[in-house]
>>> print(open('my_file04.txt').read())   # compact mmCIF, C-alpha atoms
# COMPACT_ATOMS: atom_id res chain seq x y z
CA MET K 102 -12.87 -2.91 -42.62
CA THR K 103 -10.12 -5.04 -41.12
CA GLN K 104 -6.76 -4.27 -39.62
CA ARG K 105 -3.77 -6.24 -38.41
CA VAL K 106 -3.10 -6.01 -34.66
CA ASP K 107 -0.31 -7.19 -32.40
CA GLY K 108 -1.85 -10.16 -30.61
CA GLU K 109 1.36 -10.80 -28.73
CA ALA K 110 1.23 -7.37 -27.05
CA ILE K 111 -2.41 -7.84 -26.05
CA LEU K 112 -1.69 -11.23 -24.53
CA HIS K 113 1.40 -9.90 -22.73
CA LEU K 114 -0.77 -7.21 -21.13
CA LEU K 115 -3.31 -9.82 -20.05
CA ALA K 116 -0.49 -12.01 -18.70
CA GLN K 117 0.91 -9.08 -16.72
CA ASN K 118 -2.56 -8.44 -15.35
CA GLU K 119 -2.88 -12.04 -14.15
CA GLN K 120 0.52 -11.77 -12.46
CA GLU K 121 -0.48 -8.58 -10.63
CA VAL K 122 -3.89 -9.96 -9.65
CA ALA K 123 -2.13 -12.98 -8.15
CA LYS K 124 -0.09 -10.55 -6.01
CA VAL K 125 -3.28 -8.79 -4.90
CA TYR K 126 -4.91 -12.08 -3.93
CA ARG K 127 -1.81 -13.21 -2.03
CA HIS K 128 -1.82 -9.88 -0.19
CA ILE K 129 -5.46 -10.50 0.79
CA ALA K 130 -4.73 -14.09 1.83
CA GLU K 131 -1.83 -12.98 4.05
CA ASP K 132 -3.64 -10.03 5.67
CA ALA K 133 -4.55 -11.00 9.25
CA LYS K 134 -7.82 -9.03 9.25
CA MET K 135 -8.95 -10.01 5.79
CA GLY K 136 -7.05 -13.21 5.17
CA ASP K 137 -8.86 -15.97 3.39
CA ILE K 138 -7.36 -19.19 2.05
CA TYR K 139 -9.69 -18.96 -0.93
CA PHE K 140 -7.70 -15.97 -2.16
CA GLU K 141 -4.49 -18.01 -2.14
CA ASN K 142 -6.24 -20.60 -4.31
CA MET K 143 -7.40 -17.84 -6.65
CA ALA K 144 -3.83 -16.54 -6.79
CA LYS K 145 -2.65 -19.98 -7.94
CA ASP K 146 -5.29 -19.95 -10.69
CA GLU K 147 -4.09 -16.49 -11.76
CA ASP K 148 -0.52 -17.85 -11.91
CA ASN K 149 -1.77 -20.56 -14.26
CA HIS K 150 -3.60 -17.98 -16.38
CA HIS K 151 -0.37 -15.96 -16.59
CA LYS K 152 1.45 -19.01 -17.94
CA ALA K 153 -1.36 -19.72 -20.41
CA TYR K 154 -1.35 -16.14 -21.72
CA MET K 155 2.44 -16.20 -22.12
CA LYS K 156 2.19 -19.42 -24.12
CA LEU K 157 -0.59 -17.91 -26.24
CA ALA K 158 1.54 -14.77 -26.75
CA GLU K 159 4.25 -16.94 -28.31
CA GLN K 160 1.64 -18.50 -30.57
CA ALA K 161 0.33 -15.04 -31.55
CA LYS K 162 3.88 -13.90 -32.30
CA ALA K 163 4.37 -16.91 -34.57
CA ASP K 164 1.09 -16.04 -36.32
CA GLY K 165 2.45 -12.57 -37.14
CA GLY K 166 -0.53 -10.73 -35.71
CA TRP K 167 -4.27 -10.99 -36.06
CA VAL K 168 -6.52 -9.64 -38.76
CA VAL K 169 -9.58 -8.28 -36.97
CA ASP K 170 -12.59 -6.10 -37.64
CA ALA K 171 -11.44 -2.52 -37.01
CA ASP K 172 -14.62 -1.43 -35.19
CA GLU K 173 -14.64 -4.47 -32.91
CA TYR K 174 -10.97 -3.97 -32.12
CA ASP K 175 -11.51 -0.27 -31.36
CA PHE K 176 -14.24 -1.23 -28.90
CA PHE K 177 -11.99 -3.87 -27.31
CA ARG K 178 -9.08 -1.43 -27.04
CA LEU K 179 -11.24 1.33 -25.52
CA ARG K 180 -12.82 -1.13 -23.09
CA LEU K 181 -9.41 -2.39 -22.01
CA GLU K 182 -8.03 1.14 -21.60
CA ARG K 183 -10.93 2.09 -19.29
CA SER K 184 -10.65 -0.99 -17.08
CA LEU K 185 -8.59 -1.82 -14.02
CA LEU K 186 -6.69 -4.15 -16.32
CA ALA K 187 -5.12 -1.26 -18.23
CA LYS K 188 -2.69 -0.53 -15.39
CA PRO K 189 -2.11 -3.86 -13.67
CA GLU K 190 0.95 -2.52 -11.84
CA GLU K 191 -1.38 -0.25 -9.79
CA LEU K 192 -3.64 -3.03 -8.51
CA LEU K 193 -1.48 -4.11 -5.57
CA GLU K 194 -0.99 -0.53 -4.38
CA LYS K 195 -4.74 -0.04 -4.53
CA ALA K 196 -5.29 -3.23 -2.51
CA LYS K 197 -2.73 -2.23 0.12
CA LYS K 198 -4.70 0.94 0.87
CA ILE K 199 -7.93 -0.94 1.60
CA ARG K 200 -8.67 -1.57 5.27
CA ASP K 201 -12.22 -2.90 5.06
CA LYS K 202 -13.06 -6.50 4.15
CA MET K 203 -16.08 -5.49 2.08
CA GLU K 204 -13.98 -3.06 0.02
CA MET K 205 -11.48 -5.86 -0.60
CA PHE K 206 -14.23 -8.17 -1.82
CA GLU K 207 -15.59 -5.40 -4.03
CA LEU K 208 -12.16 -4.80 -5.57
CA ALA K 209 -11.84 -8.54 -6.26
CA GLU K 210 -15.34 -8.58 -7.75
CA ARG K 211 -14.50 -5.69 -10.08
CA ILE K 212 -11.23 -7.35 -11.13
CA GLU K 213 -12.98 -10.63 -11.91
CA ARG K 214 -15.96 -9.01 -13.64
CA GLU K 215 -13.71 -6.94 -15.90
CA THR K 216 -11.49 -9.94 -16.61
CA VAL K 217 -14.49 -12.03 -17.69
CA GLU K 218 -15.68 -9.21 -19.95
CA ILE K 219 -12.26 -8.72 -21.54
CA VAL K 220 -11.78 -12.46 -22.17
CA ARG K 221 -15.23 -12.64 -23.80
CA GLU K 222 -14.49 -9.63 -25.98
CA LEU K 223 -11.13 -11.11 -26.96
CA GLN K 224 -12.90 -14.30 -28.00
CA ASP K 225 -15.31 -12.21 -30.08
CA ILE K 226 -12.59 -10.42 -32.06
CA ILE K 227 -10.42 -13.51 -32.58
CA PRO K 228 -12.84 -16.47 -32.44
CA ARG K 229 -10.46 -18.95 -34.08
CA PHE K 230 -7.43 -18.16 -31.93
CA ALA K 231 -7.02 -20.60 -29.02
CA PRO K 232 -10.76 -21.07 -28.41
CA GLU K 233 -10.33 -23.90 -25.90
CA GLU K 234 -7.66 -22.15 -23.84
CA LEU K 235 -9.61 -18.89 -23.67
CA LYS K 236 -12.81 -20.77 -22.78
CA ILE K 237 -11.03 -22.47 -19.86
CA ILE K 238 -9.71 -19.14 -18.60
CA GLU K 239 -13.17 -17.58 -18.92
CA ARG K 240 -14.78 -20.46 -17.00
CA GLU K 241 -12.23 -20.18 -14.17
CA GLU K 242 -12.60 -16.39 -13.99
CA LYS K 243 -16.38 -16.78 -13.82
CA ALA K 244 -15.95 -19.24 -10.94
CA HIS K 245 -13.82 -16.63 -9.14
CA LEU K 246 -16.46 -13.98 -9.77
CA LYS K 247 -19.19 -16.26 -8.43
CA LYS K 248 -17.24 -17.06 -5.28
CA VAL K 249 -16.35 -13.43 -4.58
CA THR K 250 -19.95 -12.36 -5.19
CA GLU K 251 -21.12 -15.05 -2.75
CA ARG K 252 -18.64 -13.74 -0.18
CA ILE K 253 -20.03 -10.22 -0.62
CA ARG K 254 -23.57 -11.52 -0.16
CA ASP K 255 -22.61 -13.55 2.91
CA ASN K 256 -20.72 -10.61 4.40
CA MET K 257 -23.75 -8.36 3.88
CA LEU K 258 -26.03 -10.91 5.54
CA ASN K 259 -23.66 -11.21 8.51
CA VAL K 260 -23.49 -7.42 8.93
CA ARG K 261 -27.27 -7.20 8.92
CA GLY K 262 -27.53 -10.09 11.37
CA MET K 263 -29.59 -12.27 9.09
>>> encode(input="my_file04.txt", output="C-alpha cells")
Amino acid sequence: MTQRVDGEAILHLLAQNEQEVAKVYRHIAEDAKMGDIYFENMAKDEDNHHKAYMKLAEQAKADGGWVVDADEYDFFRLRLERSLLAKPEELLEKAKKIRDKMEMFELAERIERETVEIVRELQDIIPRFAPEELKIIEREEKAHLKKVTERIRDNMLNVRGM
C-alpha cells in the first residue's frame, strides 16, 4: 500500500537538524577544555548540508509530495521520532551541559550515527529523489562518524596510557 507524504516537511526537519548540529559543533570548537578545530570544520559541512536540504525541500514542494510505501514510511517516521534528530532544538542545550570530553565525543558520535541511518532510510523510501545529493550528504556524514569514532578510540587509548 502506498501513501502520499510531505517531502518538504521531512527535508525542512532534516535541514533544521543540520543547523542545530552546526551550533553544537561550534560550541565544542569554542570550548576551551574541549575545543577542537575539527569540530569547526564539521560545523561548516553541516551548514552546507542545511543549504542542500533546503534546496531539496523546494524541489520536494514542487513535486507535490512523495508517493511511498506506507510500511516503509511508518518505519522511517518512527525511527526519526525516536532519534536525537526529532528535537534538534534541544541538541545545543544538551551539549552545553556536558563537561567531559569523552561525553562530547559520544554525543557527536550518536548524532552522526543517527544522521547516517536517517539519510540511508530516506534514500530507501524515495530512491529516485535526489540520489546524488543524498549520497554526497551520506558520504560526508560517514566521514564525520569515522573521525569522531577515531577520536573516541584515541581518547580511550590516552586515558589508559597506551
>>> residues_around(input="my_file04.txt", residues="Leu114 (chain K)", least_positions_apart="4", cutoff="8 Å", atoms="all atoms listed in the file", output="PyMOL selection string")
chain K and resi 110+118+187
>>> write_last_selection(input="my_file04.txt", atoms="C-alpha atoms", output="PDB file, in the coordinates of the input")
ATOM      1  CA  ALA K 110       1.230  -7.370 -27.050  1.00  0.00           C
ATOM      2  CA  ASN K 118      -2.560  -8.440 -15.350  1.00  0.00           C
ATOM      3  CA  ALA K 187      -5.120  -1.260 -18.230  1.00  0.00           C
TER       4      ALA K 187
END
>>> closest_residue(input="my_file04.txt", among="K:Asp172, K:Leu185, K:Phe230, K:Val125", to="Glu109 (chain K)", atoms="all atoms listed in the file")
K:Phe230
>>> closest_residue(input="my_file04.txt", among="K:Phe177, K:Tyr154, K:Trp167, K:Phe140", to="Leu246 (chain K)", atoms="only C-alpha atoms")
K:Phe140
>>> residues_around(input="my_file04.txt", residues="Met143 (chain K)", least_positions_apart="4", cutoff="12 Å", atoms="all atoms listed in the file", output="PyMOL selection string")
chain K and resi 119-120+122-130+137-139+147-150+209+213+241-246+248-249
>>> atom_distance(input="my_file04.txt", atom1="CA of Met102 (chain K)", atom2="CA of Val168 (chain K)")
10.0 Å
>>> residues_around(input="my_file04.txt", residues="Leu181 (chain K)", least_positions_apart="5", cutoff="9 Å", atoms="all atoms listed in the file", output="list of chain:residue names")
K:Phe176, K:Leu186, K:Ala187, K:Glu215, K:Ile219
>>> atom_distance(input="my_file04.txt", atom1="CA of Glu191 (chain K)", atom2="CA of Gly166 (chain K)")
28.0 Å
>>> residues_near_point(input="my_file04.txt", point="(-1.4, -8.9, -28.9)", cutoff="10 Å", atoms="only C-alpha atoms", output="list in words")
Val106, Asp107, Gly108, Glu109, Ala110, Ile111, Leu112, His113, Leu114, Leu115, Leu157, Ala158, Glu159, Ala161, Lys162, Gly165, Gly166 and Trp167 of chain K
>>> atom_distance(input="my_file04.txt", atom1="CA of Thr250 (chain K)", atom2="CA of Glu204 (chain K)")
12.2 Å
>>> closest_residue(input="my_file04.txt", among="K:Val220, K:Leu258, K:Leu208, K:Ile238", to="His151 (chain K)", atoms="all atoms listed in the file")
K:Ile238
>>> decode(input="my_file04.txt", residues="region 155-219 of chain K", atoms="C-alpha atoms", output="CSV table (one decimal), in the first residue's frame")
chain,number,residue,atom,x,y,z
K,155,MET,CA,16.6,23.5,1.9
K,156,LYS,CA,17.2,23.3,-1.8
K,157,LEU,CA,15.8,19.7,-1.9
K,158,ALA,CA,12.8,20.9,0.2
K,159,GLU,CA,11.9,23.3,-2.6
K,160,GLN,CA,12.3,20.5,-5.1
K,161,ALA,CA,10.0,18.3,-3.0
K,162,LYS,CA,7.5,21.1,-2.7
K,163,ALA,CA,7.4,21.5,-6.5
K,164,ASP,CA,6.9,17.7,-6.8
K,165,GLY,CA,3.8,17.9,-4.7
K,166,GLY,CA,4.8,15.3,-2.2
K,167,TRP,CA,6.2,11.7,-2.5
K,168,VAL,CA,4.3,8.5,-3.1
K,169,VAL,CA,5.9,6.0,-0.8
K,170,ASP,CA,5.3,2.5,0.6
K,171,ALA,CA,3.2,3.0,3.8
K,172,ASP,CA,5.1,0.4,5.9
K,173,GLU,CA,8.5,1.8,4.9
K,174,TYR,CA,7.4,5.3,5.7
K,175,ASP,CA,5.9,4.3,9.1
K,176,PHE,CA,9.3,2.8,10.0
K,177,PHE,CA,11.1,5.9,8.8
K,178,ARG,CA,8.8,8.1,10.8
K,179,LEU,CA,9.0,6.1,14.0
K,180,ARG,CA,12.8,5.9,13.6
K,181,LEU,CA,13.0,9.6,13.2
K,182,GLU,CA,10.7,10.3,16.1
K,183,ARG,CA,12.9,8.2,18.4
K,184,SER,CA,16.2,9.8,17.4
K,185,LEU,CA,18.1,12.8,18.6
K,186,LEU,CA,17.1,14.4,15.3
K,187,ALA,CA,13.4,14.6,16.3
K,188,LYS,CA,14.1,17.6,18.5
K,189,PRO,CA,17.0,19.4,17.0
K,190,GLU,CA,16.4,22.5,19.1
K,191,GLU,CA,17.4,20.5,22.2
K,192,LEU,CA,20.8,19.4,20.9
K,193,LEU,CA,22.7,22.6,21.9
K,194,GLU,CA,21.3,22.7,25.4
K,195,LYS,CA,22.3,19.0,25.8
K,196,ALA,CA,25.8,19.8,24.6
K,197,LYS,CA,26.1,22.8,26.9
K,198,LYS,CA,25.5,20.6,30.0
K,199,ILE,CA,28.4,18.2,29.1
K,200,ARG,CA,31.7,18.9,30.9
K,201,ASP,CA,33.6,15.8,29.9
K,202,LYS,CA,35.5,15.5,26.5
K,203,MET,CA,34.5,11.8,26.1
K,204,GLU,CA,30.8,12.6,26.7
K,205,MET,CA,31.1,15.3,24.0
K,206,PHE,CA,32.6,12.9,21.5
K,207,GLU,CA,29.9,10.3,22.4
K,208,LEU,CA,27.2,12.9,21.7
K,209,ALA,CA,28.8,13.7,18.4
K,210,GLU,CA,29.1,10.0,17.5
K,211,ARG,CA,25.4,9.4,18.3
K,212,ILE,CA,24.4,12.5,16.2
K,213,GLU,CA,26.4,11.3,13.2
K,214,ARG,CA,25.4,7.7,13.5
K,215,GLU,CA,21.7,8.6,13.7
K,216,THR,CA,22.1,11.0,10.8
K,217,VAL,CA,23.7,8.4,8.6
K,218,GLU,CA,20.9,6.0,9.4
K,219,ILE,CA,18.2,8.5,8.7
